[in-house]
Amino acid sequence: MSSRVYGCLSLIGERITENSDFLTDLDRQIGDADHGANMARGFAAVVGKVPGDDPDIGAALKKTGMTLLSTVGGASGPLYGTAYMEAAKVLAGSETLSAQGFVDALTAAVAGIQKRGKSVRGEKTMLDALIPALEASTAAVAGGGSLSDALDSACAAAEEGVAYTRTIAATKGRASYLGERSIGHQDPGATSAAITLEAIRDYIRG
Ligand SMILES: Nc1ncnc2c1ncn2[C@@H]1O[C@H](COP(=O)(O)OP(=O)(O)OP(=O)(O)O)[C@@H](O)[C@H]1O
Ligand SMILES: [Mg+2]
């Protein structure tokens with residue numbers, strides 16, 4: 001039987017692959033038309049490399065991060081790779097995911113992206129989905145919410161963050177070359193981040 005973490009990573013991979021053309025089209029408008037292809041290639045490698053039956057969430061996330069780092073390329077490979085590897089440190093040895101564990105792992109992932117990308121909220125990147133998602137899930141858990149509540153809040157905030165990326169100019173990554181002309185376009189990395197959170201939510205809902 002495959003582990004829960006493997007099942008969840010597989011669903012993330014499925015959703016990324018289903019949305020690969022969409023993500024690449026978004027990247028065509030403000031980048032170099034490779035985000036969907038990059039991420040789909042990365043997750044195809046992840047489902048091949050992560051052991052299907054090891055329940056250790058940290059070990060699976062570490063393998064995921066290393067695999068994304070070496071297969072995705074571009075800006076998003078190192079950024080997602082770092083995110084998963086930082087989350088892995090928090091969940092090392094865990095075989096189940098608690099609401100607080102999710103928030104702590106997302107906190108570490110976001111901090112890792114910010115450090116590696118030298119980026120903050122409001123620069124039209126994946127952080128514009130992930131930081132609001134982190135804030136909303138932190139608040140949900142502080143109010144006694146379950147893991148499922150935390151993920152619902154995270155996904156709603158990430159969706160709003162994705163919509164917000166349409167309204168601002170990019171100041172990081174390839175899209176920043178367009179400056180004000182990037183306004184009106186949705187950020188591909190924010191979109192793949194929201195898709196990832198939605199896959200985790202749907203997996204946990206069962
Ligand atoms: N410094 C950064 N911090 C956070 N996210 C970033 C940063 N730079 C880029 N991104 C995210 O990466 C996404 C682009 O990923 P993609 O896979 O297309 O890489 P790329 O920009 O084409 O890389 P390269 O320019 O090196 O080829 C953007 O939509 C944005 O969300
Ligand atoms: Mg690109």
# chains A, B, ... in the order shown; residues from 1 in each chain; ligands from 1
$ residues_near_ligand --ligand "ligand 2" --cutoff "6 Å" --atoms "only C-alpha atoms and all ligand atoms" --output "ChimeraX atom specification"
/A:27,31-35
$ residues_around --residues "Ala40 (chain A)" --least-positions-apart "2" --cutoff "8 Å" --atoms "only C-alpha atoms" --output "PyMOL selection string"
chain A and resi 13+16-17+20+36-38+42-44
$ write_last_selection --atoms "N, CA and C atoms" --output "short mmCIF file (atom, residue, chain, number, x, y, z; two decimals), in the first residue's frame"
data_model
loop_
_atom_site.label_atom_id
_atom_site.label_comp_id
_atom_site.auth_asym_id
_atom_site.auth_seq_id
_atom_site.Cartn_x
_atom_site.Cartn_y
_atom_site.Cartn_z
N GLY A 13 1.30 16.08 -8.33
CA GLY A 13 1.86 15.85 -9.67
C GLY A 13 0.78 15.76 -10.75
N ILE A 16 -0.61 19.29 -11.36
CA ILE A 16 0.38 20.11 -12.08
C ILE A 16 0.40 19.68 -13.56
N THR A 17 0.36 18.39 -13.78
CA THR A 17 0.40 17.88 -15.15
C THR A 17 -0.86 18.27 -15.92
N SER A 20 -0.52 21.81 -16.87
CA SER A 20 0.77 22.18 -17.44
C SER A 20 0.64 23.20 -18.59
N GLY A 36 4.89 25.48 -16.88
CA GLY A 36 4.12 24.24 -16.79
C GLY A 36 4.97 23.03 -17.16
N ALA A 37 5.72 23.17 -18.23
CA ALA A 37 6.58 22.07 -18.67
C ALA A 37 7.65 21.78 -17.62
N ASN A 38 8.23 22.84 -17.05
CA ASN A 38 9.24 22.65 -16.00
C ASN A 38 8.68 21.87 -14.82
N GLY A 42 9.36 18.03 -13.44
CA GLY A 42 9.82 17.85 -12.07
C GLY A 42 8.98 16.82 -11.32
N PHE A 43 7.67 16.93 -11.43
CA PHE A 43 6.82 16.01 -10.67
C PHE A 43 6.78 14.61 -11.27
N ALA A 44 7.01 14.52 -12.56
CA ALA A 44 7.14 13.18 -13.14
C ALA A 44 8.34 12.48 -12.51
#
$ select_by_dssp --residues "region 126-192 of chain A" --states "helix (DSSP H, G or I)" --output "ChimeraX atom specification"
/A:127-142,147-165,174-182,188-192
$ write_last_selection --atoms "C-alpha atoms" --output "PDB file, in the first residue's frame"
ATOM      1  CA  LEU A 127       4.892  34.339  -2.581  1.00  0.00           C
ATOM      2  CA  ASP A 128       1.732  36.317  -3.362  1.00  0.00           C
ATOM      3  CA  ALA A 129      -0.197  33.053  -3.089  1.00  0.00           C
ATOM      4  CA  LEU A 130       1.886  31.438  -0.354  1.00  0.00           C
ATOM      5  CA  ILE A 131       2.233  34.275   2.172  1.00  0.00           C
ATOM      6  CA  PRO A 132      -1.532  34.958   2.334  1.00  0.00           C
ATOM      7  CA  ALA A 133      -2.081  31.182   2.532  1.00  0.00           C
ATOM      8  CA  LEU A 134       0.344  30.994   5.444  1.00  0.00           C
ATOM      9  CA  GLU A 135      -1.310  33.892   7.261  1.00  0.00           C
ATOM     10  CA  ALA A 136      -4.806  32.496   6.767  1.00  0.00           C
ATOM     11  CA  SER A 137      -3.901  28.973   7.847  1.00  0.00           C
ATOM     12  CA  THR A 138      -1.981  30.278  10.871  1.00  0.00           C
ATOM     13  CA  ALA A 139      -5.078  32.223  11.934  1.00  0.00           C
ATOM     14  CA  ALA A 140      -7.322  29.198  11.363  1.00  0.00           C
ATOM     15  CA  VAL A 141      -5.135  26.970  13.529  1.00  0.00           C
ATOM     16  CA  ALA A 142      -4.738  29.645  16.223  1.00  0.00           C
ATOM     17  CA  LEU A 147      -5.942  20.542   9.329  1.00  0.00           C
ATOM     18  CA  SER A 148      -8.829  20.574   6.885  1.00  0.00           C
ATOM     19  CA  ASP A 149      -9.872  24.067   8.109  1.00  0.00           C
ATOM     20  CA  ALA A 150      -6.259  25.246   7.788  1.00  0.00           C
ATOM     21  CA  LEU A 151      -6.139  24.021   4.193  1.00  0.00           C
ATOM     22  CA  ASP A 152      -9.516  25.532   3.301  1.00  0.00           C
ATOM     23  CA  SER A 153      -8.311  28.898   4.603  1.00  0.00           C
ATOM     24  CA  ALA A 154      -4.964  28.523   2.854  1.00  0.00           C
ATOM     25  CA  CYS A 155      -6.603  27.743  -0.494  1.00  0.00           C
ATOM     26  CA  ALA A 156      -9.096  30.612  -0.314  1.00  0.00           C
ATOM     27  CA  ALA A 157      -6.289  33.058   0.514  1.00  0.00           C
ATOM     28  CA  ALA A 158      -4.027  31.631  -2.200  1.00  0.00           C
ATOM     29  CA  GLU A 159      -6.784  32.076  -4.803  1.00  0.00           C
ATOM     30  CA  GLU A 160      -7.188  35.709  -3.755  1.00  0.00           C
ATOM     31  CA  GLY A 161      -3.428  36.096  -3.934  1.00  0.00           C
ATOM     32  CA  VAL A 162      -3.382  34.695  -7.468  1.00  0.00           C
ATOM     33  CA  ALA A 163      -6.059  37.216  -8.500  1.00  0.00           C
ATOM     34  CA  TYR A 164      -4.025  39.974  -6.849  1.00  0.00           C
ATOM     35  CA  THR A 165      -0.994  39.118  -9.009  1.00  0.00           C
ATOM     36  CA  ARG A 174      11.903  37.155 -15.912  1.00  0.00           C
ATOM     37  CA  ALA A 175       8.487  38.902 -15.753  1.00  0.00           C
ATOM     38  CA  SER A 176      10.182  41.938 -14.200  1.00  0.00           C
ATOM     39  CA  TYR A 177      11.718  42.691 -17.623  1.00  0.00           C
ATOM     40  CA  LEU A 178       8.185  43.694 -18.684  1.00  0.00           C
ATOM     41  CA  GLY A 179       7.731  46.098 -15.783  1.00  0.00           C
ATOM     42  CA  GLU A 180       4.302  47.770 -15.916  1.00  0.00           C
ATOM     43  CA  ARG A 181       3.399  45.690 -18.981  1.00  0.00           C
ATOM     44  CA  SER A 182       3.155  42.670 -16.715  1.00  0.00           C
ATOM     45  CA  PRO A 188       2.409  31.394 -13.225  1.00  0.00           C
ATOM     46  CA  GLY A 189       4.322  30.577 -10.031  1.00  0.00           C
ATOM     47  CA  ALA A 190       1.524  31.920  -7.809  1.00  0.00           C
ATOM     48  CA  THR A 191      -0.863  29.786  -9.849  1.00  0.00           C
ATOM     49  CA  SER A 192       1.168  26.595  -9.446  1.00  0.00           C
TER      50      SER A 192
END
$ closest_residue --among "A:Lys118, A:Arg4, A:Arg201, A:His185" --to "ligand 1" --atoms "only C-alpha atoms and all ligand atoms"
A:Lys118
$ residues_around --residues "Ser2 (chain A)" --least-positions-apart "6" --cutoff "10 Å" --atoms "only C-alpha atoms" --output "PyMOL selection string"
chain A and resi 51-55
$ residues_around --residues "Glu95 (chain A)" --least-positions-apart "3" --cutoff "10 Å" --atoms "only C-alpha atoms" --output "list in words"
Ser3, Arg4, Val5, Asp54, Pro55, Asp56, Ile57, Gly58, Ala59, Leu91, Ala92 and Ser98 of chain A
$ residues_around --residues "Ser76 (chain A)" --least-positions-apart "4" --cutoff "9 Å" --atoms "only C-alpha atoms" --output "ChimeraX atom specification"
/A:35,38-39,68-69,72,80-81,126,189
$ residues_around --residues "Lys49 (chain A)" --least-positions-apart "2" --cutoff "8 Å" --atoms "only C-alpha atoms" --output "list of chain:residue names"
A:Ala45, A:Val46, A:Val47, A:Pro51, A:Lys63, A:Thr64, A:Thr67
$ write_last_selection --atoms "N, CA and C atoms" --output "PDB file, in the first residue's frame"
ATOM      1  N   ALA A  45       9.417  13.234 -12.305  1.00  0.00           N
ATOM      2  CA  ALA A  45      10.605  12.665 -11.661  1.00  0.00           C
ATOM      3  C   ALA A  45      10.328  12.365 -10.189  1.00  0.00           C
ATOM      4  N   VAL A  46       9.588  13.248  -9.526  1.00  0.00           N
ATOM      5  CA  VAL A  46       9.293  13.051  -8.095  1.00  0.00           C
ATOM      6  C   VAL A  46       8.548  11.733  -7.863  1.00  0.00           C
ATOM      7  N   VAL A  47       7.500  11.470  -8.653  1.00  0.00           N
ATOM      8  CA  VAL A  47       6.730  10.244  -8.396  1.00  0.00           C
ATOM      9  C   VAL A  47       7.554   8.989  -8.710  1.00  0.00           C
ATOM     10  N   PRO A  51      10.055   7.029  -2.569  1.00  0.00           N
ATOM     11  CA  PRO A  51       9.591   5.658  -2.322  1.00  0.00           C
ATOM     12  C   PRO A  51       8.097   5.655  -1.992  1.00  0.00           C
ATOM     13  N   LYS A  63      13.263  14.230  -0.464  1.00  0.00           N
ATOM     14  CA  LYS A  63      13.513  13.640  -1.785  1.00  0.00           C
ATOM     15  C   LYS A  63      12.830  14.481  -2.872  1.00  0.00           C
ATOM     16  N   THR A  64      11.622  14.958  -2.558  1.00  0.00           N
ATOM     17  CA  THR A  64      10.888  15.800  -3.507  1.00  0.00           C
ATOM     18  C   THR A  64      11.687  17.073  -3.796  1.00  0.00           C
ATOM     19  N   THR A  67      14.776  16.406  -5.847  1.00  0.00           N
ATOM     20  CA  THR A  67      14.420  16.047  -7.224  1.00  0.00           C
ATOM     21  C   THR A  67      13.984  17.285  -8.010  1.00  0.00           C
TER      22      THR A  67
END
$ closest_residue --among "A:Thr171, A:Ser70, A:Gln100, A:Gln29" --to "Gly143 (chain A)" --atoms "only C-alpha atoms"
A:Gln100
$ atom_distance --atom1 "atom 16 (P, counted along the ligand's line) of ligand 1" --atom2 "CA of Gln114 (chain A)"
15.8 Å
$ closest_residue --among "A:Leu23, A:Ala60, A:Ala169, A:Val50" --to "ligand 1" --atoms "only C-alpha atoms and all ligand atoms"
A:Leu23
$ closest_residue --among "A:Glu18, A:Ser119, A:Gly101, A:Leu61" --to "ligand 1" --atoms "only C-alpha atoms and all ligand atoms"
A:Ser119
$ atom_distance --atom1 "CA of Val103 (chain A)" --atom2 "CA of Ser146 (chain A)"
11.1 Å
$ atom_distance --atom1 "CA of Ile113 (chain A)" --atom2 "CA of Leu9 (chain A)"
19.3 Å
